[in-house]
>>> print(open('final_1.pdb').read())   # PDB, C-alpha atoms, pLDDT in the B column
ATOM      1  CA  MET A   1      26.655   3.071  23.993  1.00 85.00           C
ATOM      2  CA  THR A   2      25.869   6.409  22.345  1.00 92.00           C
ATOM      3  CA  THR A   3      23.252   6.566  19.582  1.00 95.00           C
ATOM      4  CA  ARG A   4      24.449   8.709  16.668  1.00 97.00           C
ATOM      5  CA  VAL A   5      21.674  10.724  14.994  1.00 97.00           C
ATOM      6  CA  LEU A   6      21.464  12.615  11.700  1.00 97.00           C
ATOM      7  CA  LEU A   7      18.857  15.389  11.344  1.00 97.00           C
ATOM      8  CA  ALA A   8      17.234  16.161   7.978  1.00 96.00           C
ATOM      9  CA  ASP A   9      14.910  19.176   7.924  1.00 95.00           C
ATOM     10  CA  ASP A  10      14.834  22.301   5.774  1.00 93.00           C
ATOM     11  CA  GLN A  11      14.064  24.576   8.749  1.00 94.00           C
ATOM     12  CA  PRO A  12      17.180  25.620  10.711  1.00 95.00           C
ATOM     13  CA  ASP A  13      15.189  26.406  13.874  1.00 94.00           C
ATOM     14  CA  VAL A  14      13.674  22.912  13.858  1.00 94.00           C
ATOM     15  CA  ARG A  15      17.096  21.290  13.494  1.00 94.00           C
ATOM     16  CA  CYS A  16      18.428  23.492  16.287  1.00 94.00           C
ATOM     17  CA  GLY A  17      15.560  22.538  18.587  1.00 94.00           C
ATOM     18  CA  PHE A  18      15.956  18.835  17.866  1.00 95.00           C
ATOM     19  CA  ARG A  19      19.713  19.051  18.462  1.00 95.00           C
ATOM     20  CA  LEU A  20      19.225  20.740  21.831  1.00 95.00           C
ATOM     21  CA  VAL A  21      16.747  18.070  22.931  1.00 95.00           C
ATOM     22  CA  LEU A  22      18.745  15.087  21.722  1.00 95.00           C
ATOM     23  CA  ASP A  23      22.201  16.298  22.768  1.00 95.00           C
ATOM     24  CA  SER A  24      20.853  16.818  26.287  1.00 94.00           C
ATOM     25  CA  GLN A  25      20.477  13.036  26.599  1.00 93.00           C
ATOM     26  CA  PRO A  26      23.489  11.094  27.887  1.00 94.00           C
ATOM     27  CA  ASP A  27      23.013   8.292  25.362  1.00 94.00           C
ATOM     28  CA  ILE A  28      22.274  10.309  22.191  1.00 95.00           C
ATOM     29  CA  ARG A  29      24.486  12.556  20.062  1.00 96.00           C
ATOM     30  CA  VAL A  30      23.623  14.482  16.888  1.00 97.00           C
ATOM     31  CA  VAL A  31      26.443  13.902  14.402  1.00 96.00           C
ATOM     32  CA  GLY A  32      25.141  15.848  11.410  1.00 96.00           C
ATOM     33  CA  GLU A  33      22.460  18.093   9.935  1.00 96.00           C
ATOM     34  CA  ALA A  34      21.082  18.411   6.418  1.00 95.00           C
ATOM     35  CA  ALA A  35      18.765  21.073   4.982  1.00 95.00           C
ATOM     36  CA  ASP A  36      17.508  18.939   2.098  1.00 93.00           C
ATOM     37  CA  GLY A  37      17.059  15.312   1.147  1.00 92.00           C
ATOM     38  CA  THR A  38      19.977  15.154  -1.259  1.00 94.00           C
ATOM     39  CA  ALA A  39      22.427  16.411   1.353  1.00 95.00           C
ATOM     40  CA  ALA A  40      20.903  14.064   3.935  1.00 95.00           C
ATOM     41  CA  LEU A  41      21.440  11.082   1.643  1.00 94.00           C
ATOM     42  CA  ASP A  42      25.082  12.036   1.120  1.00 94.00           C
ATOM     43  CA  LEU A  43      25.714  12.638   4.836  1.00 95.00           C
ATOM     44  CA  ALA A  44      24.011   9.405   5.832  1.00 95.00           C
ATOM     45  CA  ARG A  45      26.180   7.425   3.451  1.00 92.00           C
ATOM     46  CA  ARG A  46      29.356   9.079   4.761  1.00 94.00           C
ATOM     47  CA  LEU A  47      28.562   9.227   8.490  1.00 95.00           C
ATOM     48  CA  ARG A  48      26.533   5.991   8.822  1.00 95.00           C
ATOM     49  CA  PRO A  49      24.442   7.283  11.764  1.00 96.00           C
ATOM     50  CA  ASP A  50      22.458   4.878  13.915  1.00 96.00           C
ATOM     51  CA  VAL A  51      19.193   6.781  13.345  1.00 96.00           C
ATOM     52  CA  VAL A  52      18.104   9.387  10.804  1.00 96.00           C
ATOM     53  CA  LEU A  53      15.305  11.811  11.696  1.00 97.00           C
ATOM     54  CA  THR A  54      13.748  13.236   8.553  1.00 95.00           C
ATOM     55  CA  ASP A  55      10.967  15.617   7.617  1.00 94.00           C
ATOM     56  CA  ILE A  56       8.795  14.761   4.612  1.00 92.00           C
ATOM     57  CA  ARG A  57       8.583  17.987   2.625  1.00 90.00           C
ATOM     58  CA  MET A  58      12.136  18.986   1.743  1.00 91.00           C
ATOM     59  CA  PRO A  59      13.949  20.271  -1.357  1.00 89.00           C
ATOM     60  CA  GLY A  60      15.666  17.707  -3.532  1.00 86.00           C
ATOM     61  CA  VAL A  61      14.886  14.162  -2.419  1.00 90.00           C
ATOM     62  CA  ASP A  62      11.725  14.250  -0.291  1.00 90.00           C
ATOM     63  CA  GLY A  63      11.460  12.479   3.060  1.00 90.00           C
ATOM     64  CA  LEU A  64       9.513   9.485   1.788  1.00 92.00           C
ATOM     65  CA  GLU A  65      12.018   8.691  -0.950  1.00 93.00           C
ATOM     66  CA  LEU A  66      14.881   9.390   1.441  1.00 94.00           C
ATOM     67  CA  THR A  67      13.345   6.908   3.881  1.00 93.00           C
ATOM     68  CA  ARG A  68      13.179   4.234   1.200  1.00 92.00           C
ATOM     69  CA  LEU A  69      16.759   4.770   0.077  1.00 94.00           C
ATOM     70  CA  LEU A  70      18.168   4.803   3.592  1.00 94.00           C
ATOM     71  CA  THR A  71      16.256   1.768   4.866  1.00 92.00           C
ATOM     72  CA  GLU A  72      17.343  -0.178   1.795  1.00 89.00           C
ATOM     73  CA  ALA A  73      20.889   0.724   2.839  1.00 90.00           C
ATOM     74  CA  GLY A  74      20.263  -0.723   6.292  1.00 90.00           C
ATOM     75  CA  LEU A  75      19.742   2.518   8.225  1.00 93.00           C
ATOM     76  CA  ARG A  76      16.993   3.213  10.753  1.00 93.00           C
ATOM     77  CA  VAL A  77      14.735   6.138   9.853  1.00 95.00           C
ATOM     78  CA  VAL A  78      12.160   7.996  11.936  1.00 94.00           C
ATOM     79  CA  VAL A  79       9.928  10.472  10.103  1.00 93.00           C
ATOM     80  CA  VAL A  80       9.223  13.649  12.077  1.00 92.00           C
ATOM     81  CA  THR A  81       6.807  16.015  10.374  1.00 88.00           C
ATOM     82  CA  THR A  82       4.126  18.658  10.806  1.00 87.00           C
ATOM     83  CA  PHE A  83       1.808  16.873   8.388  1.00 79.00           C
ATOM     84  CA  ASP A  84      -0.201  13.890   9.658  1.00 74.00           C
ATOM     85  CA  LEU A  85      -1.838  13.066   6.340  1.00 76.00           C
ATOM     86  CA  ASP A  86      -2.736   9.394   5.926  1.00 72.00           C
ATOM     87  CA  GLU A  87      -0.815   9.183   2.653  1.00 78.00           C
ATOM     88  CA  TYR A  88       2.331  10.304   4.456  1.00 81.00           C
ATOM     89  CA  VAL A  89       1.872   7.900   7.361  1.00 81.00           C
ATOM     90  CA  HIS A  90       1.295   4.889   5.126  1.00 77.00           C
ATOM     91  CA  GLY A  91       3.976   5.970   2.663  1.00 83.00           C
ATOM     92  CA  ALA A  92       6.583   6.348   5.402  1.00 85.00           C
ATOM     93  CA  LEU A  93       5.811   2.967   6.971  1.00 81.00           C
ATOM     94  CA  ARG A  94       5.608   1.268   3.592  1.00 82.00           C
ATOM     95  CA  ASN A  95       9.045   2.663   2.756  1.00 87.00           C
ATOM     96  CA  GLY A  96      10.507   1.174   5.919  1.00 86.00           C
ATOM     97  CA  ALA A  97      10.338   3.950   8.540  1.00 89.00           C
ATOM     98  CA  CYS A  98      10.576   2.650  12.101  1.00 86.00           C
ATOM     99  CA  GLY A  99       8.628   5.577  13.492  1.00 87.00           C
ATOM    100  CA  PHE A 100       6.293   8.412  12.525  1.00 88.00           C
ATOM    101  CA  LEU A 101       6.209  11.384  14.872  1.00 90.00           C
ATOM    102  CA  LEU A 102       4.485  14.733  14.680  1.00 88.00           C
ATOM    103  CA  LYS A 103       6.600  17.744  15.545  1.00 88.00           C
ATOM    104  CA  ARG A 104       3.946  18.935  17.975  1.00 85.00           C
ATOM    105  CA  SER A 105       4.243  15.696  19.965  1.00 80.00           C
ATOM    106  CA  GLY A 106       6.999  17.220  22.098  1.00 83.00           C
ATOM    107  CA  PRO A 107      10.590  16.475  23.117  1.00 89.00           C
ATOM    108  CA  THR A 108       9.855  13.382  25.216  1.00 86.00           C
ATOM    109  CA  LEU A 109       8.375  11.494  22.289  1.00 85.00           C
ATOM    110  CA  LEU A 110      11.257  12.596  20.073  1.00 91.00           C
ATOM    111  CA  VAL A 111      13.762  11.009  22.447  1.00 92.00           C
ATOM    112  CA  GLU A 112      11.595   7.911  22.858  1.00 88.00           C
ATOM    113  CA  GLY A 113      11.345   7.593  19.071  1.00 90.00           C
ATOM    114  CA  VAL A 114      15.125   7.497  18.706  1.00 93.00           C
ATOM    115  CA  ARG A 115      15.499   4.946  21.497  1.00 91.00           C
ATOM    116  CA  ALA A 116      12.677   2.802  20.115  1.00 87.00           C
ATOM    117  CA  ALA A 117      14.342   2.746  16.708  1.00 90.00           C
ATOM    118  CA  MET A 118      17.599   1.593  18.276  1.00 89.00           C
ATOM    119  CA  ALA A 119      15.749  -1.137  20.181  1.00 83.00           C
ATOM    120  CA  GLY A 120      14.158  -2.439  17.002  1.00 80.00           C
ATOM    121  CA  ASP A 121      10.744  -1.106  17.975  1.00 77.00           C
ATOM    122  CA  ALA A 122       8.474   1.374  16.197  1.00 76.00           C
ATOM    123  CA  LEU A 123       6.926   4.480  17.727  1.00 79.00           C
ATOM    124  CA  ILE A 124       4.019   6.372  16.199  1.00 80.00           C
ATOM    125  CA  SER A 125       2.539   9.598  17.546  1.00 74.00           C
ATOM    126  CA  PRO A 126      -0.684   8.887  19.442  1.00 66.00           C
ATOM    127  CA  GLN A 127      -2.470  11.473  17.310  1.00 63.00           C
ATOM    128  CA  VAL A 128      -2.220   9.263  14.226  1.00 64.00           C
ATOM    129  CA  THR A 129      -2.368   5.815  15.838  1.00 59.00           C
ATOM    130  CA  VAL A 130      -6.169   5.552  15.955  1.00 55.00           C
ATOM    131  CA  ARG A 131      -6.490   6.353  12.243  1.00 58.00           C
ATOM    132  CA  LEU A 132      -3.744   3.899  11.423  1.00 61.00           C
ATOM    133  CA  LEU A 133      -5.368   1.086  13.382  1.00 55.00           C
ATOM    134  CA  ARG A 134      -8.738   1.786  11.808  1.00 55.00           C
ATOM    135  CA  ALA A 135      -7.219   1.593   8.343  1.00 56.00           C
ATOM    136  CA  VAL A 136      -5.387  -1.692   8.862  1.00 53.00           C
ATOM    137  CA  THR A 137      -8.271  -3.447  10.586  1.00 48.00           C
ATOM    138  CA  VAL A 138     -10.746  -2.796   7.787  1.00 47.00           C
ATOM    139  CA  ALA A 139      -8.320  -4.224   5.217  1.00 49.00           C
ATOM    140  CA  SER A 140      -9.024  -7.691   3.835  1.00 45.00           C
ATOM    141  CA  ARG A 141      -7.338 -10.653   5.460  1.00 50.00           C
ATOM    142  CA  PRO A 142      -4.322 -12.124   3.692  1.00 53.00           C
ATOM    143  CA  ALA A 143      -4.936 -15.105   1.460  1.00 46.00           C
ATOM    144  CA  GLY A 144      -3.288 -18.455   1.993  1.00 57.00           C
ATOM    145  CA  PRO A 145      -2.110 -20.303   5.093  1.00 71.00           C
ATOM    146  CA  ASN A 146      -0.067 -18.806   7.904  1.00 80.00           C
ATOM    147  CA  PRO A 147       3.571 -19.202   6.744  1.00 89.00           C
ATOM    148  CA  LEU A 148       5.004 -18.811  10.237  1.00 91.00           C
ATOM    149  CA  THR A 149       6.183 -21.412  12.736  1.00 93.00           C
ATOM    150  CA  ASN A 150       4.370 -21.779  16.059  1.00 93.00           C
ATOM    151  CA  ARG A 151       7.075 -19.772  17.855  1.00 94.00           C
ATOM    152  CA  GLU A 152       6.949 -17.034  15.195  1.00 94.00           C
ATOM    153  CA  THR A 153       3.166 -16.907  15.476  1.00 92.00           C
ATOM    154  CA  ASP A 154       3.450 -16.446  19.244  1.00 93.00           C
ATOM    155  CA  ILE A 155       5.897 -13.596  18.703  1.00 93.00           C
ATOM    156  CA  VAL A 156       3.660 -11.946  16.110  1.00 91.00           C
ATOM    157  CA  ARG A 157       0.782 -11.959  18.593  1.00 89.00           C
ATOM    158  CA  LEU A 158       2.960 -10.228  21.176  1.00 89.00           C
ATOM    159  CA  VAL A 159       4.224  -7.674  18.665  1.00 85.00           C
ATOM    160  CA  ALA A 160       0.593  -6.871  17.842  1.00 81.00           C
ATOM    161  CA  GLN A 161      -0.013  -6.251  21.544  1.00 78.00           C
ATOM    162  CA  GLY A 162       2.691  -3.580  21.500  1.00 72.00           C
ATOM    163  CA  LEU A 163       5.317  -5.457  23.529  1.00 78.00           C
ATOM    164  CA  THR A 164       8.983  -4.525  23.197  1.00 78.00           C
ATOM    165  CA  ASN A 165      11.731  -7.046  22.435  1.00 83.00           C
ATOM    166  CA  ALA A 166      12.588  -7.255  26.120  1.00 83.00           C
ATOM    167  CA  GLN A 167       8.955  -7.851  27.102  1.00 85.00           C
ATOM    168  CA  ILE A 168       8.535 -10.504  24.404  1.00 89.00           C
ATOM    169  CA  GLY A 169      11.672 -12.206  25.661  1.00 90.00           C
ATOM    170  CA  ALA A 170      10.385 -12.222  29.233  1.00 91.00           C
ATOM    171  CA  GLU A 171       7.031 -13.588  28.108  1.00 92.00           C
ATOM    172  CA  LEU A 172       8.562 -16.437  26.092  1.00 94.00           C
ATOM    173  CA  PHE A 173      11.637 -17.046  28.283  1.00 94.00           C
ATOM    174  CA  ILE A 174      14.083 -16.021  25.564  1.00 93.00           C
ATOM    175  CA  SER A 175      16.552 -13.143  25.351  1.00 91.00           C
ATOM    176  CA  ALA A 176      15.624  -9.768  23.872  1.00 85.00           C
ATOM    177  CA  GLY A 177      18.243 -10.414  21.167  1.00 87.00           C
ATOM    178  CA  THR A 178      16.616 -13.711  20.232  1.00 92.00           C
ATOM    179  CA  ALA A 179      13.232 -11.990  20.043  1.00 90.00           C
ATOM    180  CA  LYS A 180      14.729  -9.340  17.762  1.00 87.00           C
ATOM    181  CA  THR A 181      16.191 -12.041  15.493  1.00 91.00           C
ATOM    182  CA  HIS A 182      12.833 -13.823  15.289  1.00 93.00           C
ATOM    183  CA  ILE A 183      11.101 -10.554  14.370  1.00 90.00           C
ATOM    184  CA  ALA A 184      13.645  -9.856  11.628  1.00 88.00           C
ATOM    185  CA  ASN A 185      13.027 -13.352  10.217  1.00 92.00           C
ATOM    186  CA  ILE A 186       9.266 -12.815  10.392  1.00 91.00           C
ATOM    187  CA  GLN A 187       9.541  -9.514   8.525  1.00 86.00           C
ATOM    188  CA  ALA A 188      11.621 -11.218   5.843  1.00 88.00           C
ATOM    189  CA  LYS A 189       9.093 -14.056   5.484  1.00 89.00           C
ATOM    190  CA  LEU A 190       6.142 -11.678   5.215  1.00 86.00           C
ATOM    191  CA  GLY A 191       7.914  -9.099   3.061  1.00 83.00           C
ATOM    192  CA  LEU A 192       7.465  -6.371   5.685  1.00 77.00           C
ATOM    193  CA  HIS A 193       9.788  -3.565   6.739  1.00 68.00           C
ATOM    194  CA  ASN A 194       8.876  -2.903  10.376  1.00 70.00           C
ATOM    195  CA  ARG A 195       6.953  -3.960  13.491  1.00 75.00           C
ATOM    196  CA  VAL A 196       3.923  -1.899  12.562  1.00 72.00           C
ATOM    197  CA  GLY A 197       3.571  -3.966   9.408  1.00 74.00           C
ATOM    198  CA  VAL A 198       3.905  -7.174  11.467  1.00 81.00           C
ATOM    199  CA  ALA A 199       1.175  -5.991  13.833  1.00 78.00           C
ATOM    200  CA  ALA A 200      -1.104  -5.047  10.937  1.00 75.00           C
ATOM    201  CA  TRP A 201      -0.531  -8.475   9.372  1.00 81.00           C
ATOM    202  CA  ALA A 202      -1.445 -10.146  12.666  1.00 82.00           C
ATOM    203  CA  TRP A 203      -4.665  -8.143  12.942  1.00 78.00           C
ATOM    204  CA  ARG A 204      -5.690  -8.921   9.369  1.00 76.00           C
ATOM    205  CA  ALA A 205      -4.840 -12.606   9.849  1.00 80.00           C
ATOM    206  CA  GLY A 206      -7.047 -12.767  12.938  1.00 79.00           C
ATOM    207  CA  LEU A 207      -4.104 -13.621  15.206  1.00 81.00           C
ATOM    208  CA  ALA A 208      -4.641 -10.622  17.477  1.00 73.00           C
ATOM    209  CA  GLU A 209      -7.116  -7.871  18.181  1.00 66.00           C
ATOM    210  CA  PRO A 210      -6.126  -4.225  17.597  1.00 57.00           C
ATOM    211  CA  LEU A 211      -5.288  -2.229  20.689  1.00 52.00           C
ATOM    212  CA  ALA A 212      -8.121  -0.032  21.924  1.00 49.00           C
TER     213      ALA A 212
END
>>> encode(input="final_1.pdb", output="structure tokens")
Amino acid sequence: MTTRVLLADDQPDVRCGFRLVLDSQPDIRVVGEAADGTAALDLARRLRPDVVLTDIRMPGVDGLELTRLLTEAGLRVVVVTTFDLDEYVHGALRNGACGFLLKRSGPTLLVEGVRAAMAGDALISPQVTVRLLRAVTVASRPAGPNPLTNRETDIVRLVAQGLTNAQIGAELFISAGTAKTHIANIQAKLGLHNRVGVAAWAWRAGLAEPLA
């Protein structure tokens, strides 16, 4: 199965570089490019790519708003940007991004980010992970009882440990698809958009310890 990717970035050289990296993979194909958020929104609606890679600072619709609009439409979005400001990281994840990568992270992480998005996982550049974990662990714990079933609680703990769907399935003797379905149900119950939010919820609820 080939993953179809749409690139949204206002710098032609960046789009060219990303295309070269991604098209070199046997399982990934770039199907479109957009130089601004408005064009990206139109292309995404027409092409229905599997994953959209978007910068944050673009003319027209910016990357954060684009992320929100596309995830609400059921598309997977990975933010790839030069700027690792906390407000951008939290804004992207809050708007449903399933990854936040820095452009300086290199081609390997770019490819891994696309594949993680397709697998239902979330990938964040190591450079911003420590700050992100520090922010979520100092937040207050959620009020009220745990709304999850015992099986869902087990899965949340494993998500917080950074396990993939396949690893969770192996741990609990279920299929990766079943694990993915459970995680989608958990996100719906908790009002969250991605696995990072599930992990943060688990840490705040005291169900797991943040990764070192």
>>> resolve_selection(input="final_1.pdb", expression="the PyMOL selection byres ((chain A and resi 153-161) around 7)", output="PyMOL selection string")
chain A and resi 148-152+162-163+168+195+198-199+202+207-208+211
>>> closest_atom_pairs(input="final_1.pdb", of="region 3-57 of chain A", to="region 96-115 of chain A", cutoff="9 Å", atoms="all atoms listed in the file", output="tab-separated table")
residue	atom	partner	partner_atom	distance
A:Thr3	CA	A:Arg115	CA	8.1
A:Val5	CA	A:Val114	CA	8.2
A:Val14	CA	A:Lys103	CA	8.9
A:Phe18	CA	A:Pro107	CA	7.9
A:Val21	CA	A:Pro107	CA	6.4
A:Leu22	CA	A:Val111	CA	6.5
A:Gln25	CA	A:Val111	CA	8.2
A:Ile28	CA	A:Val114	CA	8.4
A:Val51	CA	A:Val114	CA	6.8
A:Val52	CA	A:Val114	CA	8.7
A:Leu53	CA	A:Val114	CA	8.2
>>> resolve_selection(input="final_1.pdb", expression="the PyMOL selection byres ((chain A and resi 66) around 12)", output="number ranges by chain")
A: 8-9, 36-45, 52-65, 67-73, 75-79, 91-92, 95-97
>>> atom_distance(input="final_1.pdb", atom1="CA of Pro145 (chain A)", atom2="CA of Leu190 (chain A)")
11.9 Å
>>> axis_aligned_box(input="final_1.pdb", around="region 73-88 of chain A", padding_each_side="3 Å", output="lines of an AutoDock Vina configuration file")
center_x = 9.1
center_y = 9.0
center_z = 7.4
size_x = 29.6
size_y = 25.4
size_z = 15.4
>>> closest_residue(input="final_1.pdb", among="A:Leu7, A:Leu192, A:Leu20, A:Ala166", to="Gly120 (chain A)", atoms="only C-alpha atoms")
A:Ala166
>>> atom_distance(input="final_1.pdb", atom1="CA of Gly169 (chain A)", atom2="CA of Ala119 (chain A)")
13.0 Å
>>> atom_distance(input="final_1.pdb", atom1="CA of Arg204 (chain A)", atom2="CA of Ala179 (chain A)")
21.9 Å
>>> closest_residue(input="final_1.pdb", among="A:Ala200, A:Ala188, A:Met1, A:Ile183", to="Arg29 (chain A)", atoms="all atoms listed in the file")
A:Met1
